[in-house]
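Have a look at start.txt; it's compact mmCIF, C-alpha atoms:
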```txt
# COMPACT_ATOMS: atom_id res chain seq x y z
CA MET A 1 0.00 0.00 0.00
CA ILE A 2 1.44 3.37 -1.07
CA SER A 3 1.35 6.18 1.42
CA LEU A 4 -0.03 9.52 0.16
CA ARG A 5 1.94 11.51 2.76
CA SER A 6 4.78 13.40 1.02
CA ASN A 7 8.32 13.41 2.27
CA PRO A 8 9.25 16.76 3.79
CA SER A 9 12.73 16.63 2.29
CA THR A 10 11.39 16.40 -1.30
CA ALA A 11 8.63 19.05 -0.97
CA PRO A 12 8.89 22.10 -3.30
CA PRO A 13 10.13 25.33 -1.77
CA PRO A 14 7.63 27.97 -0.73
CA ARG A 15 6.52 30.57 -3.30
CA GLU A 16 8.26 33.48 -1.52
CA ASP A 17 11.61 31.66 -1.58
CA ALA A 18 11.21 31.07 -5.34
CA TRP A 19 10.68 34.80 -5.96
CA ILE A 20 13.75 35.67 -3.90
CA THR A 21 15.88 33.11 -5.72
CA SER A 22 14.77 34.40 -9.13
CA TYR A 23 15.41 37.99 -8.06
CA GLN A 24 18.94 37.18 -6.92
CA LYS A 25 19.67 35.44 -10.23
CA LEU A 26 18.35 38.31 -12.40
CA LEU A 27 19.80 41.16 -10.35
CA PRO A 28 23.29 41.12 -11.96
CA HIS A 29 21.76 41.08 -15.46
CA TRP A 30 19.50 44.00 -14.55
CA HIS A 31 22.46 46.06 -13.32
CA SER A 32 24.41 45.42 -16.52
CA VAL A 33 21.44 46.43 -18.70
CA SER A 34 20.79 49.61 -16.69
CA LEU A 35 24.46 50.62 -16.88
CA SER A 36 24.53 50.10 -20.62
CA HIS A 37 21.45 52.35 -21.00
CA GLN A 38 22.98 55.01 -18.82
CA HIS A 39 26.09 55.27 -21.00
CA SER A 40 24.26 55.19 -24.34
CA THR A 41 22.49 58.04 -26.12
CA LEU A 42 19.31 57.90 -28.10
CA PRO A 43 19.93 58.42 -31.81
CA ILE A 44 18.08 61.63 -32.70
CA SER A 45 17.97 63.21 -36.15
CA ILE A 46 17.49 66.97 -36.56
CA SER A 47 16.37 68.08 -39.99
CA ARG A 48 19.24 69.72 -41.86
CA VAL A 49 16.77 71.76 -43.91
CA ASN A 50 15.30 73.24 -40.74
CA GLN A 51 18.76 74.25 -39.53
CA PHE A 52 19.65 75.88 -42.85
CA ASP A 53 16.27 77.64 -42.97
CA ALA A 54 16.85 78.98 -39.46
CA ALA A 55 20.16 80.53 -40.54
CA ARG A 56 18.54 82.02 -43.63
CA LEU A 57 15.67 83.49 -41.61
CA ASP A 58 18.12 85.09 -39.19
CA ILE A 59 19.93 86.72 -42.14
CA GLU A 60 16.63 88.02 -43.52
CA MET A 61 15.65 89.37 -40.10
CA SER A 62 18.95 91.22 -39.80
CA ALA A 63 18.48 92.66 -43.31
CA MET A 64 14.98 93.88 -42.41
CA LEU A 65 16.24 95.59 -39.27
CA LYS A 66 19.08 97.17 -41.24
CA GLU A 67 16.66 98.47 -43.87
CA GLN A 68 14.47 100.11 -41.24
CA LEU A 69 17.48 101.63 -39.51
CA VAL A 70 18.81 103.04 -42.78
CA LYS A 71 15.45 104.74 -43.41
CA VAL A 72 15.85 106.61 -40.13
CA PHE A 73 19.04 108.24 -41.44
CA SER A 74 17.74 108.79 -44.98
CA LEU A 75 17.65 112.59 -44.51
CA MET A 76 21.25 112.80 -43.39
CA LYS A 77 24.32 113.30 -45.57
CA PRO A 78 24.40 110.75 -48.42
CA GLY A 79 27.09 108.13 -48.07
CA MET A 80 27.60 108.67 -44.34
CA LEU A 81 26.17 105.30 -43.34
CA PHE A 82 28.32 103.58 -45.95
CA GLN A 83 31.42 104.51 -43.97
CA TYR A 84 30.01 102.91 -40.83
CA GLU A 85 28.34 99.88 -42.39
CA PRO A 86 30.47 97.32 -40.46
CA GLU A 87 29.57 99.04 -37.19
CA LEU A 88 25.89 99.00 -38.16
CA ASP A 89 25.95 95.29 -38.98
CA ALA A 90 27.78 94.51 -35.73
CA PHE A 91 25.27 96.56 -33.73
CA LEU A 92 22.30 94.71 -35.23
CA GLU A 93 23.93 91.31 -34.68
CA PHE A 94 24.67 92.29 -31.07
CA LEU A 95 21.03 93.25 -30.51
CA ILE A 96 19.81 89.91 -31.85
CA TRP A 97 22.33 88.07 -29.64
CA ARG A 98 21.50 90.15 -26.57
CA PHE A 99 17.75 89.55 -26.67
CA SER A 100 17.87 85.91 -27.78
CA ILE A 101 20.92 83.77 -26.96
CA TRP A 102 22.03 85.74 -23.91
CA VAL A 103 18.65 85.32 -22.18
CA ASP A 104 18.40 81.59 -23.06
CA LYS A 105 16.01 82.17 -25.94
CA PRO A 106 16.41 81.10 -29.58
CA THR A 107 16.99 83.60 -32.35
CA PRO A 108 13.93 84.47 -34.49
CA GLY A 109 14.86 82.02 -37.24
CA ILE A 110 15.68 79.22 -34.80
CA ALA A 111 12.41 79.80 -32.94
CA LEU A 112 10.38 79.61 -36.16
CA MET A 113 11.99 76.25 -36.93
CA ASN A 114 11.19 74.91 -33.42
CA LEU A 115 14.87 74.62 -32.50
CA ARG A 116 17.08 75.59 -29.58
CA TYR A 117 20.75 75.44 -28.61
CA ARG A 118 21.95 72.62 -26.36
CA ASP A 119 25.33 72.23 -24.69
CA GLU A 120 26.60 68.87 -25.94
CA ARG A 121 29.39 68.81 -23.36
CA ALA A 122 26.99 68.73 -20.43
CA VAL A 123 24.42 66.29 -21.81
CA GLU A 124 23.72 63.65 -19.18
CA ILE A 125 21.31 60.91 -20.25
CA ARG A 126 19.35 59.70 -17.26
CA GLU A 127 17.28 56.56 -16.72
CA ASN A 128 14.01 58.29 -17.59
CA VAL A 129 15.03 59.39 -21.09
CA ARG A 130 12.04 59.80 -23.36
CA THR A 131 12.97 61.74 -26.50
CA GLY A 132 16.74 62.27 -26.47
CA LEU A 133 16.20 66.04 -26.77
CA GLU A 134 16.83 66.71 -23.09
CA GLY A 135 19.86 68.68 -22.07
CA PRO A 136 20.89 72.06 -20.67
CA GLY A 137 21.25 75.20 -22.71
CA LEU A 138 24.43 77.13 -23.32
CA THR A 139 26.56 78.26 -20.42
CA VAL A 140 27.53 81.87 -19.81
CA ALA A 141 31.02 81.25 -21.17
CA GLN A 142 29.60 79.71 -24.35
CA LYS A 143 27.29 82.69 -24.84
CA MET A 144 30.15 85.14 -24.41
CA TRP A 145 32.42 83.27 -26.80
CA TYR A 146 29.56 83.08 -29.30
CA CYS A 147 29.19 86.86 -29.19
CA ILE A 148 32.95 87.41 -29.48
CA ALA A 149 33.25 85.09 -32.49
CA ALA A 150 30.00 85.81 -34.34
CA VAL A 151 29.77 89.56 -33.70
CA GLY A 152 33.26 90.78 -32.81
CA GLY A 153 35.16 88.47 -35.14
CA GLN A 154 33.10 89.36 -38.20
CA TYR A 155 33.32 93.07 -37.41
CA ILE A 156 37.11 93.03 -36.95
CA TRP A 157 37.62 91.05 -40.16
CA ALA A 158 35.34 93.35 -42.19
CA ARG A 159 37.14 96.45 -40.88
CA LEU A 160 40.55 94.92 -41.55
CA GLN A 161 39.60 94.05 -45.11
CA SER A 162 38.22 97.52 -45.88
CA PHE A 163 41.26 99.21 -44.33
CA SER A 164 43.72 97.02 -46.25
CA ALA A 165 41.85 97.59 -49.52
CA PHE A 166 41.81 101.35 -48.94
CA ARG A 167 45.53 101.38 -48.15
CA ARG A 168 46.26 99.05 -51.07
CA TRP A 169 48.41 96.66 -49.10
CA GLY A 170 48.37 94.20 -51.97
CA ASP A 171 50.07 96.55 -54.47
CA SER A 172 53.61 95.73 -55.49
CA GLU A 173 54.91 99.22 -54.68
CA GLN A 174 53.84 98.99 -51.05
CA ARG A 175 56.23 98.26 -48.20
CA PRO A 176 57.27 94.63 -47.61
CA LEU A 177 55.50 94.55 -44.24
CA ALA A 178 52.19 95.62 -45.79
CA ARG A 179 52.51 93.00 -48.53
CA ARG A 180 53.26 90.31 -45.96
CA VAL A 181 50.21 91.24 -43.90
CA TRP A 182 48.09 91.20 -47.05
CA GLY A 183 49.41 87.75 -47.98
CA LEU A 184 48.79 86.50 -44.45
CA MET A 185 45.20 87.75 -44.64
CA GLN A 186 44.67 85.94 -47.92
CA HIS A 187 46.04 82.69 -46.44
CA ILE A 188 43.83 83.01 -43.36
CA GLU A 189 40.77 83.63 -45.52
CA GLY A 190 41.59 80.63 -47.69
CA LEU A 191 42.05 78.36 -44.66
CA TYR A 192 38.79 79.59 -43.15
CA LYS A 193 36.89 78.89 -46.36
CA ALA A 194 38.43 75.42 -46.64
CA ALA A 195 37.53 74.68 -42.99
CA SER A 196 33.99 75.95 -43.56
CA PHE A 197 33.62 73.69 -46.58
CA GLY A 198 34.86 70.71 -44.59
CA ASN A 199 32.45 71.57 -41.77
CA LEU A 200 29.63 71.75 -44.30
CA LEU A 201 30.40 68.24 -45.53
CA LEU A 202 30.45 66.96 -41.94
CA PHE A 203 27.17 68.73 -41.22
CA LEU A 204 25.50 67.14 -44.25
CA TYR A 205 26.75 63.74 -43.10
CA THR A 206 26.02 63.94 -39.37
CA GLY A 207 23.44 66.74 -39.10
CA ARG A 208 25.36 68.53 -36.33
CA TYR A 209 26.93 72.01 -36.13
CA ARG A 210 26.11 74.25 -39.09
CA ASN A 211 29.22 76.41 -38.81
CA LEU A 212 32.65 76.41 -37.22
CA ILE A 213 31.53 78.52 -34.25
CA GLU A 214 28.91 75.97 -33.22
CA ARG A 215 31.40 73.13 -33.66
CA ALA A 216 34.08 74.88 -31.58
CA LEU A 217 31.60 75.65 -28.78
CA ARG A 218 29.78 72.32 -29.18
CA ALA A 219 26.47 74.16 -29.33
CA ARG A 220 24.05 71.84 -31.08
CA LEU A 221 20.62 72.67 -32.42
CA VAL A 222 17.88 70.31 -31.21
CA TYR A 223 14.11 70.46 -31.31
CA GLU A 224 12.45 72.59 -28.66
CA SER A 225 9.30 70.48 -28.65
CA PRO A 226 9.24 66.93 -30.08
CA ASN A 227 5.54 67.13 -30.97
CA MET A 228 5.52 70.37 -32.95
CA ASN A 229 5.25 69.99 -36.71
CA ARG A 230 6.67 72.42 -39.21
CA ALA A 231 3.86 74.37 -40.90
CA VAL A 232 4.55 74.80 -44.61
CA SER A 233 2.43 76.85 -47.00
CA PHE A 234 3.17 75.33 -50.39
CA GLU A 235 1.01 77.90 -52.16
CA TYR A 236 3.12 80.77 -50.85
CA MET A 237 6.36 78.89 -51.51
CA ASN A 238 5.37 78.14 -55.11
CA ARG A 239 4.44 81.77 -55.70
CA GLN A 240 7.75 82.92 -54.28
CA LEU A 241 9.70 80.44 -56.40
CA VAL A 242 7.92 81.52 -59.59
CA TRP A 243 8.47 85.20 -58.84
CA ASN A 244 12.14 84.69 -57.98
CA GLU A 245 12.78 82.76 -61.19
CA PHE A 246 10.95 85.39 -63.24
CA SER A 247 12.90 88.25 -61.67
CA GLU A 248 16.21 86.44 -62.24
CA MET A 249 15.28 85.91 -65.89
CA LEU A 250 14.50 89.61 -66.29
CA LEU A 251 17.77 90.60 -64.65
CA LEU A 252 19.57 88.32 -67.08
CA LEU A 253 17.80 89.51 -70.22
CA LEU A 254 17.44 93.25 -69.62
CA PRO A 255 21.17 94.09 -69.95
CA LEU A 256 21.21 92.21 -73.27
CA LEU A 257 18.42 94.31 -74.76
CA ASN A 258 19.11 97.60 -76.50
CA SER A 259 16.48 100.27 -75.90
CA SER A 260 16.85 101.74 -79.37
CA THR A 261 16.46 98.31 -80.97
CA VAL A 262 13.31 97.62 -78.97
CA LYS A 263 11.87 101.00 -79.92
CA SER A 264 12.67 100.45 -83.58
CA VAL A 265 10.99 97.03 -83.51
CA LEU A 266 7.87 98.40 -81.81
CA HIS A 267 7.80 101.60 -83.83
CA PRO A 268 5.90 100.19 -86.87
CA PHE A 269 3.11 99.02 -84.58
CA SER A 270 2.76 102.34 -82.77
CA LYS A 271 3.13 104.89 -85.58
CA ASN A 272 2.64 104.83 -89.30
CA LYS A 273 4.79 106.54 -91.83
CA SER A 274 2.19 109.17 -92.63
CA SER A 275 2.21 110.41 -89.05
CA SER A 276 6.00 110.33 -88.93
CA SER A 277 6.22 112.50 -92.03
CA THR A 278 4.31 115.24 -90.24
CA GLU A 279 6.93 115.46 -87.47
CA ASP A 280 9.30 118.35 -87.29
CA ASP A 281 12.40 117.41 -89.29
CA SER A 282 14.39 120.33 -87.92
CA THR A 283 15.05 118.56 -84.59
CA CYS A 284 17.10 115.50 -83.86
CA PRO A 285 14.75 112.53 -83.15
CA ILE A 286 17.12 111.27 -80.44
CA CYS A 287 17.86 114.31 -78.29
CA ARG A 288 14.88 116.41 -79.48
CA ALA A 289 17.13 119.44 -79.98
CA SER A 290 18.19 121.42 -83.00
CA PRO A 291 21.36 119.76 -84.41
CA THR A 292 24.48 121.91 -84.08
CA THR A 293 26.34 119.59 -86.45
CA PRO A 294 23.58 118.13 -88.64
CA TYR A 295 24.10 114.79 -90.35
CA LEU A 296 21.77 112.78 -92.55
CA ALA A 297 21.04 109.10 -92.10
CA LEU A 298 21.25 107.23 -95.38
CA PRO A 299 19.27 106.15 -97.28
CA CYS A 300 16.23 107.78 -95.59
CA GLN A 301 18.02 111.19 -95.28
CA HIS A 302 16.51 112.15 -91.93
CA ARG A 303 18.51 114.71 -90.00
CA TYR A 304 20.34 113.90 -86.73
CA CYS A 305 22.97 115.36 -84.49
CA TYR A 306 26.38 113.99 -85.44
CA TYR A 307 27.14 112.63 -81.96
CA CYS A 308 23.67 111.11 -81.50
CA LEU A 309 23.78 109.28 -84.82
CA ARG A 310 27.42 108.27 -84.46
CA THR A 311 26.98 106.78 -80.98
CA ARG A 312 23.81 104.92 -81.93
CA CYS A 313 25.42 103.43 -85.04
CA ALA A 314 28.48 102.39 -83.04
CA ALA A 315 26.37 100.84 -80.27
CA ALA A 316 23.95 98.97 -82.54
CA PRO A 317 25.21 97.73 -85.92
CA SER A 318 21.59 97.18 -87.00
CA PHE A 319 20.45 100.65 -85.97
CA ARG A 320 17.23 101.82 -87.65
CA CYS A 321 16.07 105.36 -88.19
CA SER A 322 13.96 106.62 -85.31
CA ARG A 323 11.55 108.32 -87.70
CA CYS A 324 10.94 105.73 -90.43
CA SER A 325 12.51 102.54 -89.04
CA GLU A 326 14.70 102.16 -92.11
CA PRO A 327 18.12 100.53 -91.60
CA VAL A 328 20.89 103.15 -91.50
CA VAL A 329 23.77 102.04 -93.71
CA ALA A 330 25.75 105.29 -93.80
CA MET A 331 25.74 108.89 -92.59
CA GLN A 332 26.30 112.11 -94.56
CA ARG A 333 26.99 115.66 -93.50
CA HIS A 334 24.02 117.85 -94.25
CA SER A 335 24.51 119.99 -97.42
CA SER A 336 28.23 119.26 -97.41
CA ILE A 337 30.86 116.63 -98.31
CA VAL A 338 29.92 113.03 -97.65
CA GLU A 339 31.30 111.03 -94.75
CA HIS A 340 30.28 107.41 -94.90
CA LYS A 341 30.02 105.26 -91.82
CA THR A 342 29.36 101.62 -92.34
CA HIS A 343 28.14 99.42 -89.53
CA ASN A 344 31.07 97.07 -89.67
CA GLN A 345 33.45 99.81 -88.43
```
If you convert what's in this file into structure tokens, what do you get?
Amino acid sequence: MISLRSNPSTAPPPREDAWITSYQKLLPHWHSVSLSHQHSTLPISISRVNQFDAARLDIEMSAMLKEQLVKVFSLMKPGMLFQYEPELDAFLEFLIWRFSIWVDKPTPGIALMNLRYRDERAVEIRENVRTGLEGPGLTVAQKMWYCIAAVGGQYIWARLQSFSAFRRWGDSEQRPLARRVWGLMQHIEGLYKAASFGNLLLFLYTGRYRNLIERALRARLVYESPNMNRAVSFEYMNRQLVWNEFSEMLLLLLPLLNSSTVKSVLHPFSKNKSSSSTEDDSTCPICRASPTTPYLALPCQHRYCYYCLRTRCAAAPSFRCSRCSEPVVAMQRHSSIVEHKTHNQ
């Protein structure tokens, strides 16, 4: 007969002892996992377009402030502000820095892009990391160095360039010291441009630090709020793109057009030859004055001033008469000996 009473030595352990045993086994693994999370950072990606747009908006804001400030001095002596343009730019940049970065606020362009500066040197990822955007702002030393580099450095370099250009340090007849300083400035500018280009390539690859100042200070742009979307008006952007392209096309074509040629092309559609015959032939059709040295345009024989006709023929080989739109192939002195002027000369 088998006894149903269990042996106390083979009985399973109590439930509380099983929990304690499992906890003691998993505790070392838990510590290793927590330590690995403490020393790792969440991979966050900040839009490069937003960072570039923020810099562009800051430039536009500075230009708007400069335009309004120039209007204040519009009644003063012309050209006076041109002498102090570096000081004016430095003053406006200092104002933007003073009321934005110095008081732990983003610049206007950075604020519109939902960004802020973060000190990468002092980022401490804690256990309760949620977005990876946490971190302190810039320190007082970083703010001061930012002002010295972005405002003071640009002002000193602009003044040095204008002074060296005015003194003509780069001319060969200048003193050897001046030529050496000029050469040193050119080398420094070349190195700075090369470093800026290298920083741009790194920025496009990593998405950190738009310029050398931010890289030197380790001031990174991160999102201010992780849930804020960028509002884009495509209708306004398309209208701006079309207008910009149209204005660039006009700026490219207008210098290539000759006003006299355009007038001569449009002249047959605006006036007929009967109305042009009734005009006063005693005045020059270009300057509207009585010719002091009258010349005739051949073959139509309309009278012009010598200098008006000569300059127009030299400027436009296919010059047409302003009265009848006939091509002018030569010019003749009025009631005197002939002087021919072909268009190939």
### Query
So, counting all atoms listed in the file, which residue among A:Thr311, A:Gly198, A:Gly183, A:Gly207 is closest to Trp169 in chain A?
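Checking each candidate against Trp169 in chain A, we get A:Gly183 as the closest.
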Determine the axis-aligned bounding box of all atoms of range 134-152 of chain A present in the file, pad each side by 8 Å, and express its centre and edge lengths in Å to one decimal place as lines of an AutoDock Vina configuration file.
```
center_x = 25.0
center_y = 78.7
center_z = -27.1
size_x = 32.4
size_y = 40.1
size_z = 30.5
```
With distances taken over all atoms listed in the file, which residue among A:Gln83, A:Ser164, A:Ser45, A:Thr107 lies nearest Leu57 in chain A?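 Nearest candidate to Leu57 in chain A out of A:Gln83, A:Ser164, A:Ser45, A:Thr107: A:Thr107.
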Atom pair CA of Tyr117 in chain A + CA of Phe197 in chain A, distance 22.2 Å
- Message: Please list as a PyMOL selection string every residue within 9 Å of Ser196 in chain A, counting all atoms listed in the file and excluding residues in the same chain fewer than 5 positions away.
- Response: chain A and resi 191+201+211-212
| So which residues touch Gly135 in chain A within 8 Å, counting only C-alpha atoms, skipping near sequence neighbours fewer than 3 positions away, as number ranges by chain? | A: 118-120, 122-124
### Task
For CA of Ile148 in chain A and CA of Glu134 in chain A, quote the distance in Å rounded to one decimal.
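Calculated distance between CA of Ile148 in chain A and CA of Glu134 in chain A is 27.0 Å.
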- CA of Ala54 in chain A to CA of Glu189 in chain A: how many Å, to one decimal?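 So the two atoms, CA of Ala54 in chain A and CA of Glu189 in chain A, lie 25.1 Å apart.
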